[in-house]
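Visitor: Quick one: the structure is below, and I'll ask about it shortly.
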Amino acid sequence: MKRLVQDGRPLVAIMVDGEVVDARAGDPLATALALAGRMRLRASPNAGAPRGAFCHMGVCQECVLHVDGALRQACLTPVRAGMAVELRGVP
Ligand code: FES
C-alpha cells in the first residue's frame with residue numbers, strides 16, 4: 001500500500017505488539033497498519049484464518065483489535081501518538 005497524497009500531518013510513533021511503528025497522526029489506524037505492512041489484524045474465531053480490514057467504514061467488524069486495552073474498530077480509530085495496539089490475542 002502506498003500513500004498517494006502527502007500532507008503536513010506529522011509522523012508519530014505507535015506501539016504495535018511491542019514494536020515501534022511510525023504512522024501519520026489522524027490516519028485511520030487500519031490504514032496506518034496497512035501502510036506499515038500489517039494487513040493481518042486477527043484470526044477468525046472458528047477457523048483461525050487471517051482476517052483484516054475489509055469495509056473500512058465500520059460495518060464488517062473485521063478490524064476489531066485491542067487499542068490501549070479496549071476493543072476498537074481500527075478503521076474508525078484515528079492514530080494518535082503513543083497508542084498501544086495489540087494484534088495478537090484477538091479472536
Ligand atoms: S474494516 Fe470493516 S469495520 Fe473496520
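Residues in the C-alpha cells are named by chain (A, B, ... in the order shown) and by number from 1 within that chain; ligands are numbered from 1 in the order shown.
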Which residues of chain A come within 9 Å of ligand 1, and what is each one's closest atom pair and distance in Å (one decimal), counting only C-alpha atoms and all ligand atoms, sorted by chain and residue number, as a Markdown table?
Guide:
```
| residue | atom | partner | partner_atom_place_in_ligand_line | distance |
| --- | --- | --- | --- | --- |
| A:Ala30 | CA | ligand 1 | 1 (S) | 7.3 |
| A:Gly52 | CA | ligand 1 | 1 (S) | 7.2 |
| A:Ala53 | CA | ligand 1 | 1 (S) | 3.7 |
| A:Phe54 | CA | ligand 1 | 1 (S) | 4.4 |
| A:Cys55 | CA | ligand 1 | 2 (Fe) | 4.0 |
| A:His56 | CA | ligand 1 | 1 (S) | 3.8 |
| A:Met57 | CA | ligand 1 | 2 (Fe) | 5.6 |
| A:Gly58 | CA | ligand 1 | 3 (S) | 3.4 |
| A:Val59 | CA | ligand 1 | 3 (S) | 4.4 |
| A:Cys60 | CA | ligand 1 | 2 (Fe) | 3.8 |
| A:Gln61 | CA | ligand 1 | 3 (S) | 3.8 |
| A:Glu62 | CA | ligand 1 | 2 (Fe) | 5.2 |
| A:Cys63 | CA | ligand 1 | 4 (Fe) | 4.4 |
| A:Val64 | CA | ligand 1 | 4 (Fe) | 6.7 |
| A:Arg72 | CA | ligand 1 | 4 (Fe) | 8.9 |
| A:Gln73 | CA | ligand 1 | 4 (Fe) | 5.2 |
| A:Ala74 | CA | ligand 1 | 4 (Fe) | 5.7 |
| A:Cys75 | CA | ligand 1 | 4 (Fe) | 4.3 |
| A:Leu76 | CA | ligand 1 | 4 (Fe) | 6.6 |
```
Visitor: Mind the document's chain letters and residue numbers, and return as a list in words the residues of chain A that DSSP labels strand (DSSP E or B).
Guide: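 The strand (DSSP E or B) residues within chain A come out as Leu11, Val12, Ala13, Ile14, Met15, Val16, Glu19, Val20, Val21, Asp22, Ala23, Arg24, Pro28, Arg42, Ala43, Pro50, Arg51, Val64, Leu65, His66, Val67, Ala70, Leu71, Arg72, Gln73, Pro78, Ala84, Val85 and Glu86 of chain A.
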Visitor: Can you list, as a PyMOL selection string, every protein, DNA or RNA residue that comes within 9 Å of Ile14 (chain A) when you count only C-alpha atoms, leaving out same-chain residues fewer than 5 positions away?
Guide: chain A and resi 19-23+79-85
Visitor: Store the residues of this selection in a file with C-alpha atoms, as a tab-separated table (two decimals), in the first residue's frame.
Guide:
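Full text of part_38.tsv as output:
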```tsv
chain	number	residue	atom	x	y	z
A	19	GLU	CA	7.25	-2.68	18.30
A	20	VAL	CA	7.52	0.99	17.43
A	21	VAL	CA	5.73	1.83	14.17
A	22	ASP	CA	5.65	5.26	12.54
A	23	ALA	CA	2.19	6.39	11.49
A	79	VAL	CA	-3.92	7.39	15.04
A	80	ARG	CA	-2.50	9.39	17.91
A	81	ALA	CA	0.99	9.42	19.36
A	82	GLY	CA	1.76	6.66	21.83
A	83	MET	CA	-1.27	4.48	21.24
A	84	ALA	CA	-0.67	0.82	22.06
A	85	VAL	CA	-2.09	-1.69	19.60
```
Visitor: Can you pull out the residues contacting Lys2 (chain A)? Cut-off 10 Å, using only C-alpha atoms, and skip same-chain residues under 3 positions away; I want them as a PyMOL selection string.
Guide: chain A and resi 5+34-36
Visitor: Mind giving me the straight-line distance from CA of Pro78 (chain A) to CA of Ser44 (chain A) in Å, one decimal?
Guide: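 Distance reported for this atom pair: 23.9 Å.
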Visitor: In Å, how far is it from CA of Asp27 (chain A) to CA of Arg40 (chain A)?
Guide: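 CA of Asp27 (chain A) sits 17.9 Å away from CA of Arg40 (chain A).
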Visitor: Just give me the gap between CA of Val16 (chain A) and CA of Asn46 (chain A) in Å, one decimal is fine.
Guide: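 Taking CA of Val16 (chain A) and CA of Asn46 (chain A), their separation equals 24.4 Å.
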Visitor: Please identify all polymer residues within 10 Å of Arg42 (chain A), counting only C-alpha atoms, omitting same-chain residues fewer than 3 positions from it, and present them as a PDB file with N, CA and C atoms, in the first residue's frame.
Guide:
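Output saved as around_39.pdb:
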```pdb
ATOM      1  N   MET A  39      -1.293  -6.286   7.324  1.00  0.00           N
ATOM      2  CA  MET A  39      -2.641  -6.480   6.796  1.00  0.00           C
ATOM      3  C   MET A  39      -3.443  -7.446   7.653  1.00  0.00           C
ATOM      4  N   PRO A  45     -12.553 -16.484  14.554  1.00  0.00           N
ATOM      5  CA  PRO A  45     -12.765 -17.252  15.774  1.00  0.00           C
ATOM      6  C   PRO A  45     -12.932 -18.749  15.533  1.00  0.00           C
ATOM      7  N   GLY A  48      -9.563 -19.838  12.585  1.00  0.00           N
ATOM      8  CA  GLY A  48      -8.239 -19.278  12.813  1.00  0.00           C
ATOM      9  C   GLY A  48      -7.637 -18.651  11.566  1.00  0.00           C
ATOM     10  N   ALA A  49      -8.453 -18.445  10.552  1.00  0.00           N
ATOM     11  CA  ALA A  49      -7.971 -17.867   9.297  1.00  0.00           C
ATOM     12  C   ALA A  49      -7.626 -16.389   9.490  1.00  0.00           C
ATOM     13  N   PRO A  50      -6.626 -15.898   8.770  1.00  0.00           N
ATOM     14  CA  PRO A  50      -6.256 -14.487   8.909  1.00  0.00           C
ATOM     15  C   PRO A  50      -7.372 -13.563   8.458  1.00  0.00           C
ATOM     16  N   ARG A  51      -7.576 -12.515   9.210  1.00  0.00           N
ATOM     17  CA  ARG A  51      -8.602 -11.528   8.899  1.00  0.00           C
ATOM     18  C   ARG A  51      -7.974 -10.142   8.933  1.00  0.00           C
ATOM     19  N   GLY A  52      -8.500  -9.247   8.120  1.00  0.00           N
ATOM     20  CA  GLY A  52      -8.005  -7.878   8.090  1.00  0.00           C
ATOM     21  C   GLY A  52      -9.139  -6.929   7.762  1.00  0.00           C
ATOM     22  N   ALA A  53      -8.840  -5.650   7.738  1.00  0.00           N
ATOM     23  CA  ALA A  53      -9.857  -4.650   7.439  1.00  0.00           C
ATOM     24  C   ALA A  53     -10.465  -4.932   6.070  1.00  0.00           C
ATOM     25  N   GLU A  62     -14.351  -6.668  10.935  1.00  0.00           N
ATOM     26  CA  GLU A  62     -13.156  -7.491  10.732  1.00  0.00           C
ATOM     27  C   GLU A  62     -11.896  -6.834  11.273  1.00  0.00           C
ATOM     28  N   CYS A  63     -11.953  -5.562  11.600  1.00  0.00           N
ATOM     29  CA  CYS A  63     -10.751  -4.851  12.032  1.00  0.00           C
ATOM     30  C   CYS A  63     -10.705  -4.628  13.538  1.00  0.00           C
ATOM     31  N   VAL A  64     -11.576  -5.293  14.279  1.00  0.00           N
ATOM     32  CA  VAL A  64     -11.604  -5.085  15.731  1.00  0.00           C
ATOM     33  C   VAL A  64     -10.324  -5.619  16.352  1.00  0.00           C
ATOM     34  N   LEU A  65      -9.681  -4.779  17.147  1.00  0.00           N
ATOM     35  CA  LEU A  65      -8.456  -5.180  17.843  1.00  0.00           C
ATOM     36  C   LEU A  65      -8.326  -4.375  19.131  1.00  0.00           C
ATOM     37  N   GLU A  86      -2.567  -3.994  20.026  1.00  0.00           N
ATOM     38  CA  GLU A  86      -2.258  -5.410  20.225  1.00  0.00           C
ATOM     39  C   GLU A  86      -3.000  -6.221  19.168  1.00  0.00           C
ATOM     40  N   LEU A  87      -2.227  -6.824  18.264  1.00  0.00           N
ATOM     41  CA  LEU A  87      -2.841  -7.657  17.224  1.00  0.00           C
ATOM     42  C   LEU A  87      -2.963  -9.097  17.690  1.00  0.00           C
ATOM     43  N   ARG A  88      -2.049  -9.533  18.513  1.00  0.00           N
ATOM     44  CA  ARG A  88      -2.099 -10.907  18.994  1.00  0.00           C
ATOM     45  C   ARG A  88      -3.221 -11.057  20.015  1.00  0.00           C
ATOM     46  N   GLY A  89      -3.851 -12.176  19.995  1.00  0.00           N
ATOM     47  CA  GLY A  89      -4.807 -12.493  21.041  1.00  0.00           C
ATOM     48  C   GLY A  89      -6.222 -12.044  20.783  1.00  0.00           C
ATOM     49  N   VAL A  90      -6.476 -11.389  19.661  1.00  0.00           N
ATOM     50  CA  VAL A  90      -7.851 -11.016  19.342  1.00  0.00           C
ATOM     51  C   VAL A  90      -8.449 -12.133  18.504  1.00  0.00           C
ATOM     52  N   PRO A  91      -9.504 -12.764  18.978  1.00  0.00           N
ATOM     53  CA  PRO A  91     -10.078 -13.878  18.209  1.00  0.00           C
ATOM     54  C   PRO A  91     -10.747 -13.402  16.938  1.00  0.00           C
TER      55      PRO A  91
END
```
Visitor: Identify which of the residues A:Leu71, A:His66, A:Gly18, A:Val12 lies closest to Ala32 (chain A), counting only C-alpha atoms when measuring atom-to-atom distances.
Guide: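 Closest to Ala32 (chain A), using only C-alpha atoms: A:Val12.
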Visitor: Determine which residues of chain A receive a DSSP assignment of helix (DSSP H, G or I), computed from the backbone, and state them as an NGL selection string.
Guide: :A and (29-35 or 74-76)
Visitor: Using only C-alpha atoms, which residue out of A:Ala47, A:Leu41, A:Ala70, A:Ala25 lies closest to Arg9 (chain A)?
Guide: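 For Arg9 (chain A), the nearest of the given residues is A:Ala25.
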